[in-house]
file query-v3.tsv (TSV, C-alpha atoms)
chain	number	residue	atom	x	y	z
A	86	GLN	CA	0.00	0.00	0.00
A	87	LYS	CA	1.23	3.45	-0.91
A	88	GLU	CA	2.04	6.09	1.63
A	89	THR	CA	-0.86	8.43	2.22
A	90	GLN	CA	1.11	11.47	1.19
A	91	GLU	CA	0.99	10.18	-2.37
A	92	LEU	CA	-2.74	9.60	-2.29
A	93	ASP	CA	-5.45	11.91	-3.46
A	94	PRO	CA	-6.48	13.93	-0.39
A	95	ASN	CA	-10.11	13.45	-1.37
A	96	GLU	CA	-9.76	9.70	-1.37
A	97	LYS	CA	-10.84	7.79	1.72
A	98	LYS	CA	-7.84	6.80	3.81
A	99	ILE	CA	-8.27	3.06	3.88
A	100	TYR	CA	-5.53	1.15	5.69
A	101	GLN	CA	-5.23	-2.60	5.51
A	102	ARG	CA	-4.49	-4.60	8.62
A	103	ASP	CA	-0.86	-5.35	7.72
A	104	PHE	CA	-0.18	-1.72	6.94
A	105	LEU	CA	-1.46	-0.65	10.37
A	106	MET	CA	0.33	-3.46	12.19
A	107	GLN	CA	3.77	-2.45	10.92
A	108	PHE	CA	3.60	0.75	13.00
A	109	ARG	CA	2.80	-0.98	16.25
A	110	TYR	CA	6.33	-0.83	17.63
A	111	HIS	CA	7.48	2.24	15.74
A	112	SER	CA	9.35	4.65	18.03
A	113	GLN	CA	6.49	7.17	17.67
A	114	SER	CA	4.04	4.51	18.81
A	115	MET	CA	6.00	3.73	21.96
A	116	GLU	CA	5.80	7.21	23.46
A	117	LYS	CA	3.19	7.60	26.15
A	118	PRO	CA	0.46	10.01	24.99
A	119	GLN	CA	0.39	13.21	27.00
A	120	GLY	CA	-2.54	14.31	29.09
A	121	LEU	CA	-4.15	10.94	29.68
A	122	PRO	CA	-6.53	11.00	32.65
A	123	ALA	CA	-5.41	9.07	35.71
A	124	ILE	CA	-7.70	6.09	35.41
A	125	GLY	CA	-6.00	3.41	37.47
A	126	ASP	CA	-8.05	0.62	35.95
A	127	ILE	CA	-6.60	1.04	32.49
A	128	MET	CA	-3.29	2.86	32.62
A	129	ILE	CA	-0.06	0.91	32.34
A	130	ASP	CA	3.37	2.47	32.73
A	131	GLN	CA	5.34	0.52	30.20
A	132	PRO	CA	4.20	-0.80	26.84
A	133	TYR	CA	4.25	-4.54	26.43
A	134	PRO	CA	7.62	-5.29	24.84
A	135	LYS	CA	7.86	-6.67	21.35
A	136	THR	CA	8.37	-10.35	22.02
A	137	SER	CA	7.40	-13.55	20.31
A	138	ASN	CA	4.68	-14.12	22.88
A	139	ALA	CA	3.49	-10.51	23.02
A	140	PRO	CA	-0.25	-10.12	23.49
A	141	PRO	CA	-2.30	-9.29	20.41
B	264	GLN	CA	29.41	13.39	1.86
B	265	ILE	CA	25.68	14.02	1.54
B	266	LYS	CA	23.50	12.06	3.87
B	267	VAL	CA	20.09	11.15	2.52
B	268	PRO	CA	17.56	12.03	5.24
B	269	ASP	CA	15.74	9.05	6.64
B	270	PRO	CA	12.33	10.13	7.93
B	271	THR	CA	12.24	7.31	10.44
B	272	GLU	CA	15.51	8.53	11.94
B	273	ASP	CA	14.71	12.18	12.14
B	274	LEU	CA	11.63	12.34	14.31
B	275	ALA	CA	11.16	16.04	13.74
B	276	GLN	CA	10.67	15.29	10.05
B	277	TYR	CA	8.50	12.29	10.57
B	278	ILE	CA	4.95	12.68	9.35
B	279	LYS	CA	2.46	10.49	11.17
B	280	HIS	CA	-0.10	8.70	9.04
B	281	PRO	CA	-3.42	10.52	9.19
B	282	LEU	CA	-6.62	8.57	9.71
B	283	GLN	CA	-9.81	9.34	7.84
B	284	HIS	CA	-11.52	10.24	11.11
B	285	LYS	CA	-10.64	11.47	14.54
B	286	TRP	CA	-11.58	8.81	17.10
B	287	ALA	CA	-12.37	9.02	20.80
B	288	LEU	CA	-11.69	6.21	23.26
B	289	TRP	CA	-14.07	5.97	26.21
B	290	PHE	CA	-13.82	3.82	29.32
B	291	PHE	CA	-16.84	2.67	31.26
B	292	LYS	CA	-16.72	1.19	34.75
B	293	ASN	CA	-19.82	-0.13	36.42
B	294	ASP	CA	-19.96	1.63	39.77
B	295	ARG	CA	-23.48	1.38	41.15
B	296	THR	CA	-22.92	4.21	43.57
B	297	LYS	CA	-22.61	6.61	40.63
B	298	LYS	CA	-24.89	7.72	37.84
B	299	TRP	CA	-24.43	5.90	34.52
B	300	GLU	CA	-23.03	8.99	32.78
B	301	ASP	CA	-20.47	9.48	35.55
B	302	ASN	CA	-19.15	5.99	34.97
B	303	LEU	CA	-18.34	6.82	31.37
B	304	ARG	CA	-15.05	8.66	30.90
B	305	LEU	CA	-13.34	10.00	27.82
B	306	VAL	CA	-9.78	8.67	27.76
B	307	THR	CA	-8.38	10.52	24.76
B	308	LYS	CA	-8.78	11.30	21.06
B	309	PHE	CA	-6.41	10.53	18.21
B	310	ASP	CA	-6.31	10.90	14.44
B	311	THR	CA	-3.11	9.21	13.28
B	312	VAL	CA	-1.97	5.60	13.04
B	313	GLU	CA	0.97	6.22	15.37
B	314	ASP	CA	-1.13	7.99	18.00
B	315	PHE	CA	-3.55	5.09	17.94
B	316	TRP	CA	-0.73	2.66	18.73
B	317	ALA	CA	0.76	4.96	21.35
B	318	LEU	CA	-2.57	4.82	23.16
B	319	TYR	CA	-3.07	1.11	22.61
B	320	ASN	CA	0.44	0.39	23.90
B	321	HIS	CA	-0.20	2.31	27.12
B	322	ILE	CA	-3.56	1.00	28.22
B	323	GLN	CA	-4.62	-2.29	29.67
B	324	LEU	CA	-5.71	-5.16	27.43
B	325	SER	CA	-9.44	-5.85	27.51
B	326	SER	CA	-8.86	-9.26	29.08
B	327	LYS	CA	-7.22	-7.54	32.07
B	328	LEU	CA	-10.16	-5.25	32.82
B	329	GLN	CA	-12.53	-5.88	35.69
B	330	THR	CA	-15.97	-7.31	35.13
B	331	GLY	CA	-18.47	-4.61	34.25
B	332	CYS	CA	-15.96	-2.48	32.32
B	333	ASP	CA	-16.18	-1.45	28.65
B	334	TYR	CA	-13.94	0.17	26.10
B	335	ASN	CA	-15.75	2.22	23.47
B	336	LEU	CA	-14.09	3.64	20.37
B	337	PHE	CA	-16.32	6.10	18.53
B	338	LYS	CA	-15.91	8.68	15.83
B	339	ASP	CA	-15.28	12.06	17.40
B	340	GLY	CA	-18.60	13.78	18.03
B	341	ILE	CA	-20.61	10.60	18.57
B	342	GLN	CA	-21.29	9.62	22.16
B	343	PRO	CA	-21.09	5.90	22.90
B	344	MET	CA	-24.74	5.62	23.84
B	345	TRP	CA	-28.07	4.85	22.19
B	346	GLU	CA	-29.32	8.36	22.81
B	347	ASP	CA	-26.81	9.99	20.49
B	348	PRO	CA	-28.58	11.13	17.30
B	349	ALA	CA	-26.10	9.15	15.18
B	350	ASN	CA	-26.94	5.94	17.06
B	351	ARG	CA	-30.65	6.38	17.63
B	352	LYS	CA	-31.77	4.69	14.43
B	353	GLY	CA	-28.81	2.35	14.37
B	354	GLY	CA	-27.77	-0.93	15.86
B	355	ARG	CA	-24.88	-3.27	16.40
B	356	TRP	CA	-23.25	-6.36	14.98
B	357	MET	CA	-22.56	-8.24	18.17
B	358	LEU	CA	-20.29	-11.13	18.96
B	359	GLN	CA	-21.12	-12.94	22.17
B	360	LEU	CA	-18.13	-14.81	23.57
B	361	ASN	CA	-18.08	-17.66	26.01
B	362	ARG	CA	-16.11	-17.49	29.23
B	363	GLN	CA	-13.13	-19.44	27.93
B	364	GLN	CA	-12.64	-16.99	25.07
B	365	ARG	CA	-11.55	-14.17	27.36
B	366	THR	CA	-8.13	-15.77	27.64
B	367	SER	CA	-7.86	-17.15	24.15
B	368	GLU	CA	-9.68	-14.74	21.86
B	369	LEU	CA	-10.88	-11.49	23.41
B	370	ASP	CA	-7.79	-9.33	22.93
B	371	LYS	CA	-7.35	-10.46	19.34
B	372	ILE	CA	-11.00	-9.77	18.57
B	373	TRP	CA	-10.94	-6.28	20.09
B	374	LEU	CA	-7.70	-5.33	18.33
B	375	GLU	CA	-9.13	-6.53	15.03
B	376	THR	CA	-12.26	-4.49	15.72
B	377	LEU	CA	-10.14	-1.40	16.37
B	378	LEU	CA	-8.13	-1.91	13.17
B	379	CYS	CA	-11.34	-2.33	11.13
B	380	LEU	CA	-12.59	0.96	12.54
B	381	ILE	CA	-9.56	3.22	12.23
B	382	GLY	CA	-8.48	1.78	8.86
B	383	GLU	CA	-11.95	2.30	7.32
B	384	GLY	CA	-12.07	-1.44	6.83
B	385	PHE	CA	-15.63	-1.39	5.55
B	386	GLY	CA	-14.78	0.73	2.51
B	387	GLU	CA	-17.58	3.00	1.37
B	388	ASP	CA	-19.89	1.52	3.99
B	389	SER	CA	-17.54	2.79	6.71
B	390	ASP	CA	-19.70	5.91	6.61
B	391	TYR	CA	-22.40	3.87	8.39
B	392	VAL	CA	-19.98	2.83	11.12
B	393	ASN	CA	-20.13	4.85	14.34
B	394	GLY	CA	-17.85	2.90	16.61
B	395	GLY	CA	-17.02	-0.29	18.43
B	396	VAL	CA	-17.53	-1.64	21.93
B	397	VAL	CA	-15.98	-4.37	24.05
B	398	GLN	CA	-17.77	-5.35	27.27
B	399	ILE	CA	-16.29	-7.46	30.04
B	400	ARG	CA	-19.02	-9.49	31.67
B	401	ASN	CA	-19.22	-12.49	33.98
B	402	LYS	CA	-21.63	-14.39	31.80
B	403	GLY	CA	-19.51	-13.83	28.69
B	404	ASP	CA	-17.75	-10.89	27.09
B	405	LYS	CA	-19.11	-9.05	24.05
B	406	ALA	CA	-17.59	-7.24	21.10
B	407	ALA	CA	-19.62	-5.12	18.71
B	408	ILE	CA	-19.54	-2.72	15.81
B	409	TRP	CA	-22.13	0.05	16.10
B	410	THR	CA	-23.69	1.48	12.97
B	411	SER	CA	-26.16	4.19	12.07
B	412	ASP	CA	-29.36	3.62	10.08
B	413	TYR	CA	-30.26	-0.07	10.29
B	414	LYS	CA	-32.70	0.37	7.42
B	415	SER	CA	-29.77	0.63	4.98
B	416	LYS	CA	-29.87	-3.12	4.75
B	417	ASN	CA	-27.23	-3.74	2.06
B	418	SER	CA	-24.63	-1.62	3.79
B	419	ILE	CA	-25.35	-3.11	7.21
B	420	ILE	CA	-25.07	-6.66	5.86
B	421	ASN	CA	-21.87	-5.80	4.02
B	422	ILE	CA	-20.39	-4.45	7.25
B	423	GLY	CA	-21.36	-7.68	9.04
B	424	ASP	CA	-19.85	-9.83	6.29
B	425	ILE	CA	-16.56	-7.96	6.39
B	426	TYR	CA	-16.45	-7.94	10.20
B	427	LYS	CA	-16.99	-11.68	10.31
B	428	LYS	CA	-14.24	-12.25	7.74
B	429	ARG	CA	-11.80	-9.96	9.51
B	430	LEU	CA	-12.40	-11.79	12.78
B	431	THR	CA	-11.78	-15.03	10.86
B	432	LEU	CA	-14.85	-16.60	12.41
B	433	PRO	CA	-15.80	-20.06	11.16
B	434	LYS	CA	-18.45	-19.91	8.41
B	435	LYS	CA	-20.96	-21.90	10.46
B	436	LEU	CA	-20.74	-19.46	13.36
B	437	THR	CA	-23.20	-16.62	12.85
B	438	ILE	CA	-23.32	-13.11	14.22
B	439	GLY	CA	-26.49	-11.09	14.59
B	440	PHE	CA	-27.41	-7.46	14.14
B	441	GLN	CA	-29.75	-5.87	16.67
B	442	ALA	CA	-31.43	-2.51	16.28
B	443	HIS	CA	-30.91	-0.37	19.39
B	444	GLU	CA	-34.63	0.44	19.49
B	445	ASP	CA	-35.32	-3.30	19.89
B	446	THR	CA	-32.71	-3.58	22.65
B	447	ILE	CA	-34.24	-0.62	24.49
B	448	SER	CA	-37.81	-1.90	24.27
B	449	LYS	CA	-37.05	-5.57	24.90
B	450	THR	CA	-39.29	-7.37	27.32
B	451	GLY	CA	-37.45	-10.67	27.69
B	452	SER	CA	-33.77	-11.44	27.89
B	453	THR	CA	-33.27	-11.83	24.16
B	454	VAL	CA	-33.40	-9.27	21.40
B	455	LYS	CA	-34.38	-10.39	17.92
B	456	ASN	CA	-31.78	-10.15	15.22
B	457	ARG	CA	-32.65	-7.89	12.30
B	458	PHE	CA	-29.92	-9.53	10.21
B	459	VAL	CA	-27.62	-12.50	10.55
B	460	VAL	CA	-24.41	-13.30	8.69
call {"tool": "encode", "arguments": {"input": "query-v3.tsv", "output": "structure tokens"}}
result
Amino acid sequence: QKETQELDPNEKKIYQRDFLMQFRYHSQSMEKPQGLPAIGDIMIDQPYPKTSNAPP
Amino acid sequence: QIKVPDPTEDLAQYIKHPLQHKWALWFFKNDRTKKWEDNLRLVTKFDTVEDFWALYNHIQLSSKLQTGCDYNLFKDGIQPMWEDPANRKGGRWMLQLNRQQRTSELDKIWLETLLCLIGEGFGEDSDYVNGGVVQIRNKGDKAAIWTSDYKSKNSIINIGDIYKKRLTLPKKLTIGFQAHEDTISKTGSTVKNRFVV
């Protein structure tokens, strides 16, 4: 799949599963988002590492 | 010597991949001492592929949530509730899991649901998609895609077909679509399916 920058801006940005998955462990995807509310039930400090038995 | 810039190396130059929509993640926790609306909290909004993963990588997996909790991912501007005008005439394709599937399947199913949503996985019919919900329940967890107008039969069925394929469900296993108005007005414990795929 082509990079979006090359696509027509009026075209719907459709991303296939494999395309999305390749960014999962990108350095930009490993930075904790700023300003998340302190909801103890859901927040984790460290991302799950990229391992062979990593969760889905 | 001229160095060719590598966008993945130079983060200042890196352009994140924009999504078609901005999405909002909501968290619901069933606390009976509070009003329903107060149990529903907006976690954050994002509109790029990388920001989606940054969020996903820093929140708990569905299978680790307490019973009675939900994650809701909805297009920005649509509240994750029946009462929202975008949902009022809509419904949901719902997958009811058994208790064993929390360990084996739930996280995979929810991630696939998220990827279908943010990647506009339903093509042109993605316009009918409002969001997705995962619910952690004692009697069996649930995952669902919420749509608008259930009377747009062809689009709704197409969304169900694609969802079923993306979840790689066995052909013989069916999923049903319920209109919210039927769920609201139900008298028994079951809601009739408007469509099945």
call {"tool": "atom_distance", "arguments": {"input": "query-v3.tsv", "atom1": "atom CA of Glu368 of chain B", "atom2": "atom CA of Val397 of chain B"}}
result
12.3 Å
call {"tool": "atom_distance", "arguments": {"input": "query-v3.tsv", "atom1": "atom CA of Ile124 of chain A", "atom2": "atom CA of Leu374 of chain B"}}
result
20.5 Å
call {"tool": "residues_around", "arguments": {"input": "query-v3.tsv", "residues": "segment 288-302 of chain B", "least_positions_apart": "3", "cutoff": "8 Å", "atoms": "all atoms listed in the file", "output": "MDAnalysis selection string"}}
result
chainID B and resid 305:308 331:337 343
call {"tool": "residues_near_point", "arguments": {"input": "query-v3.tsv", "point": "(-15.0, 1.7, 5.8)", "cutoff": "10 Å", "atoms": "only C-alpha atoms", "output": "list in words"}}
result
Lys97, Lys98, Ile99 and Tyr100 of chain A; Gln283, Cys379, Leu380, Ile381, Gly382, Glu383, Gly384, Phe385, Gly386, Glu387, Asp388, Ser389, Asp390, Tyr391, Val392, Ile422 and Ile425 of chain B
call {"tool": "atom_distance", "arguments": {"input": "query-v3.tsv", "atom1": "atom CA of Thr437 of chain B", "atom2": "atom CA of Trp409 of chain B"}}
result
17.0 Å
call {"tool": "interface_residues", "arguments": {"input": "query-v3.tsv", "of": "chain A", "to": "chain B", "cutoff": "7 Å", "atoms": "all atoms listed in the file", "output": "list in words"}}
result
Thr89, Lys97, Lys98, Ile99, Tyr100, Gln101, Arg102, Leu105, Phe108, Arg109, Gln113, Ser114, Met115, Glu116, Lys117, Pro118, Leu121, Pro122, Asp126, Ile127, Met128, Ile129, Asp130, Gln131, Pro132, Tyr133 and Pro141 of chain A
call {"tool": "closest_residue", "arguments": {"input": "query-v3.tsv", "among": "B:Ile399, B:Leu303, B:Leu430, B:Met344", "to": "Thr366 of chain B", "atoms": "only C-alpha atoms"}}
result
B:Ile399
call {"tool": "closest_residue", "arguments": {"input": "query-v3.tsv", "among": "B:Arg400, B:Glu444, B:Ala349, B:Met357", "to": "Phe458 of chain B", "atoms": "only C-alpha atoms"}}
result
B:Met357
call {"tool": "axis_aligned_box", "arguments": {"input": "query-v3.tsv", "around": "segment 111-119 of chain A", "padding_each_side": "6 Å", "output": "AutoDock Vina command-line options"}}
result
--center_x 4.9 --center_y 7.7 --center_z 21.4 --size_x 21.0 --size_y 23.0 --size_z 23.3
